[in-house]
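These notes concern the structure reproduced below.
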Amino acid sequence: MSDETVDVLIIGAGAAGAALAWSLAETRMNVLCLEQGDWMDPAQYPSTGMDWEMRQFGDFGLSPNSRGRPEDYPINDSESPIAVSNFNAVGGSTILYAAHFPRFHPGDFQVKTLDGVADDWPIDYALLEPYYDLNARMMGVAGLAGDPAYPDKEVPLPPVPLGVLGETLGRGFNKLGWHWWPSDSAIATEAYEGRAPCINLGPCITGCAQGAKASTDVTYWPSAIRRGVTLRTRCRVREITVGADGLADGVLYYDEHGAEQRQRAEMVVVACNGVGTPRLLLNSRSQLFPEGLANRSGLVGRNLMFHPYAMVTGIFDGRLEGYKGPTGCCIMSQEFYETDLSRGFVRGYTFETLRGLGPVSTALLGMSSGRVPWGAGHHEAYEALFDRTAGMVVICEDLPEPHNRVTLDPDLVDSNGIPAPKIHYRLSENSHRMLEHCVARGSEVLEAAGAVETFADAPLPPAGWHLMGTARMGTDPDASVVNEWGRCHDVRNLFIIDGSIFVTAAAVNPTNTIQALALYIADQIVKNLANLFE
Amino acid sequence: MSDDALLSSDEERDLAGVLDEIIPPSEDGRLPGAGELGLTAAIERAMNDTPDLRPAVAQGLAALHELVESRGPGDFASLSREERRGVLNELATLQPAFLPGLIFHVYAHYYQDGRVLEALGLEPRPPHPLGYELETGDLSLLDPVRDRPKLYRR
Ligand SMILES: Cc1cc2nc3c(=O)[nH]c(=O)nc-3n(C[C@H](O)[C@H](O)[C@H](O)COP(=O)(O)OP(=O)(O)OC[C@H]3O[C@@H](n4cnc5c(N)ncnc54)[C@H](O)[C@@H]3O)c2cc1C
């Protein structure tokens with residue numbers, strides 16, 4: 001490998017890495033991104049074949065442990081009721097994400113002040129607002145203005161269609177007088193910036209063959225590369241190295257042939273997500289940092305937050321056309337978002353309605369729930385279920401707790417022999433109470449919408465797709481890992497830009513906020529360039 | 001026999017009979033049985049790809065053969081409907097991994113078959129590239145929500 005020292009080395013080409021790379025591309029800096037995965041070929045995505053539903057159990061599965069692609073690393077989640085879901089490729093987990101794209105509420109940055117729990121962020125909504133707007137334009141966000149749950153915001157594209165399913169559920173919310181609104185979705189509902197419009201394929205969470213969903217391989221990356229950023233794939237970083245001056249000076253990584261390489265850099269930016277980032281920092285031990293890089297506070301890996309999820313499903317008499325349309329994006333409700341202690345818990349949750357199930361998923365649900373027997377009566381039972389289910393996931397705010405954490409597994413390693421992460425996580429009493437409440441309210445609204453039967457699963461075991469808090473932001477070096485603009489307190493030229501830096505989790509999907517933060521941090525890097533190393 | 005075939009032709013015939021018991025043809029003749037649809041080949045491919053399925057099916061079919069033989073001459077398909085059902089119920093106790101593993105794959109392959117999709121009134125094609133039309137929906141349903149005061153705290 002070359003001896004060249006790059007100005008900025010980004011590790012991870014997912015949601016955050018892509019946004020920061022694009023933003024820094026307008027400087028004259030030499031920007032390189034190393035990504036362990038490869039470019040995806042949308043022509044090979046499951047929705048192009050008859051086996052599209054089954055591939056979610058195979059090469060497009062949620063868990064790297066069962067998916068077993070060569071670019072995946074194993075994650076020991078045996079000590080967590082929630083398993084990690086991710087994807088490793090150019091685009092990172094946005095290849096699989098549902099593209100539900102809400103912002104935080106202003107109050108989400110002031111949890112301590114408003115509710116006396118967790119901590120306030122050192123930044124606020126007003127500061128991030130222009131970056132949310134920029135991100136909406138770059139990713140192409142579809143939605144509808146006027147939602148009373150939010151301050152006014154920029155939404156460049158018309159909302160995803162409600163369809164029969166969305167209308168049916170909307171009527172249910174109206175019957176109860178509850179808030180609901182079409183979901184902000186990172187989905188091109190019209191042709192947008194060279195991307196083809198959504199054609200309601202359905203299975204967004206196994207990759208979008210149409211290119212309408214804003215995974216960053218089709219949004220930020222093509223533009224960043226045109227502007228001069230270099231993206232090197234199939235490069236797995238083993239550790240970030242530091243010089244005698246205590247500054248990061250580059251990385252050691254394995255290339256696609258498994259050969260160890262060294263890359264020098266003036267500045268290193270970590271964007272490996274809320275599990276991959278603490279794993280890399282903990283694997284980067286040296287004399288100066290025996291407990292892992294940037295970990296003098298002991299907080300690297302701690303305060304892991306998922307969003308505990310519930311899934312509530314209703315069975316309806318009529319057909320809902322639920323197998324059409326973006327699977328995770330339809331309507332949402334924030335009726336129970338803000339704290340009301342009379343409910344028995346602090347903070348709140350969002351309902352996000354899903355579309356219905358495809359033919360195979362219906363059969364498998366019927367099998368596992370005993371609703372569709374084998375043998376006599378099979379066809380009648382199947383037809384009573386197919387296209388008659390509508391569900392919602394409920395995304396509960398998780399609060400940071402130091403015992404919920406990522407460590408290094410003493411035995412498990414990836415294909416390059418790098419120690420794998422281990423998850424230690426348990427649900428708090430507050431989360432249990434919130435899940436109980438949301439399942440009851442979710443069933444109530446489905447019944448109001450006409451469901452003849454409802455059932456629920458909580459917590460939802462595979463729902464570890466939002467990974468936050470493991471290198472938290474703050475102004476106090478003893479109580480946080482990075483400062484208010486993503487710079488590590490302990491290493492002045494090392495930045496973290498993914499969900500690891502979240503102080504609290506809010507009760508919405510995080511990616512819009514992760515990317516707004518990445519864009520903001522990129523601006524701060526440029527602004528502070530002159531005295532970055534002092 | 002295809003390259004993937006793991007079963008003898010007798011076993012394939014027994015398996016087809018079992019598949020037709022798991023998903024029989026519909027009474028109105030609209031939907032085919034899973035055996036008649038020719039899903040044995042798909043199950044054999046699944047046996048190749050799924051480590052646990054292979055022994056479960058192989059042992060299950062061997063036990064089935066013994067149970068049928070113990071009832072006299074003839075194969076599984078020649079038994080009456082009640083007898084076939086009886087054999088499968090016995091098998092559920094003798095070989096507990098056989099039916100559950102099989103049912104998962106039978107359901108999965110049956111409902112991705114174009115002939116079944118068509119019979120259900122769906123288009124026999126994957127979602128891409130044609131996609132689907134979906135109504136925007138009636139956004140005036142949101143009027144009561146629009147009228148609400150701001151819900152968020154500052
Ligand atoms: C099924 C699913 C559904 C989801 N739905 C939504 C949703 O609707 N809305 C939402 O907001 N969010 C959703 N998410 C979460 C969303 O995908 C993530 O929040 C987002 O992608 C995180 O961005 P990131 O850049 O931090 O990490 P990622 O996008 O995960 O990217 C990290 C990248 O770093 C690379 N990497 C890691 N370690 C190394 C290493 N050592 N060397 C080199 N490269 C490395 C990885 O390969 C990966 O490509 C979903 C996720 C999943 C899995």
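Ordered as shown in the structure tokens, chains take letters A, B, and onward, while each chain numbers its residues from 1 and ligands are numbered from 1 in the order shown.
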Practice problem: Excluding range 79-94 of chain B and residues on its chain fewer than 2 positions from it, collect all residues at most 8 Å away from it, counting only C-alpha atoms, and give them as a PyMOL selection string. | Solution: chain B and resi 21+60+63-64+67-68+74-77+96-99
Self-check item: Surroundings of ligand 1 up to 6 Å, based on only C-alpha atoms and all ligand atoms, as an NGL selection string
Solution: :A and (11-17 or 34-37 or 62 or 85-94 or 96-101 or 205 or 235-238 or 271-273 or 276 or 280 or 465-466 or 498-499 or 509-512)
Practice problem: Kindly determine which residues of chain A lie within 6 Å of chain B, considering only C-alpha atoms, and give the answer as a ChimeraX atom specification. | Solution: /A:47-50,106-107,148-149,161-163,179,199-201,359-360,374-375
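The space between CA of Thr362 in chain A and CA of Cys396 in chain A spans 26.1 Å.
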Self-check item: Contacts of Ser361 in chain A within 12 Å, only C-alpha atoms, excl. fewer than 6 positions in-chain, as a PyMOL selection string
Solution: (chain A and resi 51-57+203+322-323+367-369+372+382+385-387+389) or (chain B and resi 104-105+107-112)
Self-check item: Pick from A:Leu529, A:Arg487, A:Arg302, A:Gln110 nearest to Ile123 in chain A, counting only C-alpha atoms
Solution: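 Ranked by minimum distance to Ile123 in chain A, first place goes to A:Gln110.
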Quiz item: Would you give me, as a PyMOL selection string, the residues in chain B that DSSP reads as helix (DSSP H, G or I)?
Solution: chain B and resi 9-22+40-49+53-70+76-78+81-94+98-110+114-119+139-146
Serialized selection, C-alpha atoms, as a compact mmCIF listing (two decimals), in the first residue's frame:
```
# COMPACT_ATOMS: atom_id res chain seq x y z
CA SER B 9 -37.44 -42.31 -6.40
CA ASP B 10 -39.46 -44.27 -3.80
CA GLU B 11 -38.63 -41.67 -1.19
CA GLU B 12 -39.51 -38.89 -3.60
CA ARG B 13 -42.89 -40.50 -4.19
CA ASP B 14 -43.50 -40.81 -0.44
CA LEU B 15 -42.39 -37.22 0.06
CA ALA B 16 -44.78 -36.00 -2.64
CA GLY B 17 -47.56 -37.82 -0.82
CA VAL B 18 -46.60 -36.16 2.47
CA LEU B 19 -46.50 -32.75 0.78
CA ASP B 20 -50.01 -33.30 -0.52
CA GLU B 21 -51.09 -34.00 3.04
CA ILE B 22 -49.45 -30.84 4.33
CA THR B 40 -40.16 -32.30 -3.88
CA ALA B 41 -37.28 -30.88 -5.93
CA ALA B 42 -37.41 -27.64 -3.95
CA ILE B 43 -37.39 -29.59 -0.69
CA GLU B 44 -34.38 -31.56 -1.83
CA ARG B 45 -32.57 -28.32 -2.62
CA ALA B 46 -33.52 -27.02 0.82
CA MET B 47 -32.15 -30.25 2.35
CA ASN B 48 -28.86 -29.50 0.64
CA ASP B 49 -28.77 -25.94 1.98
CA LEU B 53 -33.38 -30.45 7.49
CA ARG B 54 -31.44 -33.15 5.73
CA PRO B 55 -31.33 -35.74 8.56
CA ALA B 56 -34.83 -34.78 9.73
CA VAL B 57 -36.36 -35.53 6.34
CA ALA B 58 -34.23 -38.59 5.63
CA GLN B 59 -35.03 -40.16 9.01
CA GLY B 60 -38.66 -39.10 8.79
CA LEU B 61 -39.11 -40.77 5.40
CA ALA B 62 -37.40 -43.95 6.62
CA ALA B 63 -39.77 -44.09 9.62
CA LEU B 64 -42.72 -43.37 7.34
CA HIS B 65 -41.74 -46.23 5.09
CA GLU B 66 -41.64 -48.60 8.07
CA LEU B 67 -45.02 -47.44 9.34
CA VAL B 68 -46.60 -47.89 5.91
CA GLU B 69 -44.99 -51.31 5.48
CA SER B 70 -46.30 -52.41 8.86
CA PHE B 76 -48.07 -44.13 1.37
CA ALA B 77 -50.12 -42.79 -1.53
CA SER B 78 -52.17 -45.98 -1.71
CA ARG B 81 -56.95 -40.39 3.62
CA GLU B 82 -57.55 -41.37 7.28
CA GLU B 83 -54.69 -43.86 7.19
CA ARG B 84 -52.31 -41.29 5.74
CA ARG B 85 -53.30 -38.85 8.43
CA GLY B 86 -52.84 -41.58 11.05
CA VAL B 87 -49.34 -42.32 9.79
CA LEU B 88 -48.38 -38.67 9.93
CA ASN B 89 -49.77 -38.31 13.45
CA GLU B 90 -47.70 -41.29 14.57
CA LEU B 91 -44.69 -39.85 12.81
CA ALA B 92 -45.10 -36.59 14.71
CA THR B 93 -44.34 -38.53 17.91
CA LEU B 94 -41.68 -40.83 16.47
CA PHE B 98 -39.74 -34.17 10.61
CA LEU B 99 -42.99 -32.28 10.11
CA PRO B 100 -42.11 -28.88 11.63
CA GLY B 101 -38.95 -28.56 9.53
CA LEU B 102 -40.74 -29.73 6.44
CA ILE B 103 -43.80 -27.53 6.89
CA PHE B 104 -41.68 -24.36 7.01
CA HIS B 105 -40.11 -25.16 3.65
CA VAL B 106 -43.33 -26.41 2.09
CA TYR B 107 -45.21 -23.25 3.04
CA ALA B 108 -42.32 -21.09 1.83
CA HIS B 109 -42.01 -22.74 -1.56
CA TYR B 110 -45.70 -23.23 -2.16
CA GLY B 114 -46.42 -18.62 -9.78
CA ARG B 115 -49.28 -21.09 -10.19
CA VAL B 116 -50.35 -20.62 -6.59
CA LEU B 117 -50.04 -16.85 -6.75
CA GLU B 118 -52.21 -16.78 -9.84
CA ALA B 119 -54.82 -18.98 -8.20
CA LEU B 139 -55.40 13.20 2.94
CA SER B 140 -58.47 15.11 4.14
CA LEU B 141 -58.66 12.41 6.80
CA LEU B 142 -55.91 14.44 8.44
CA ASP B 143 -58.09 17.52 8.93
CA PRO B 144 -58.84 16.82 12.60
CA VAL B 145 -55.14 16.28 13.23
CA ARG B 146 -54.19 19.52 11.45
```
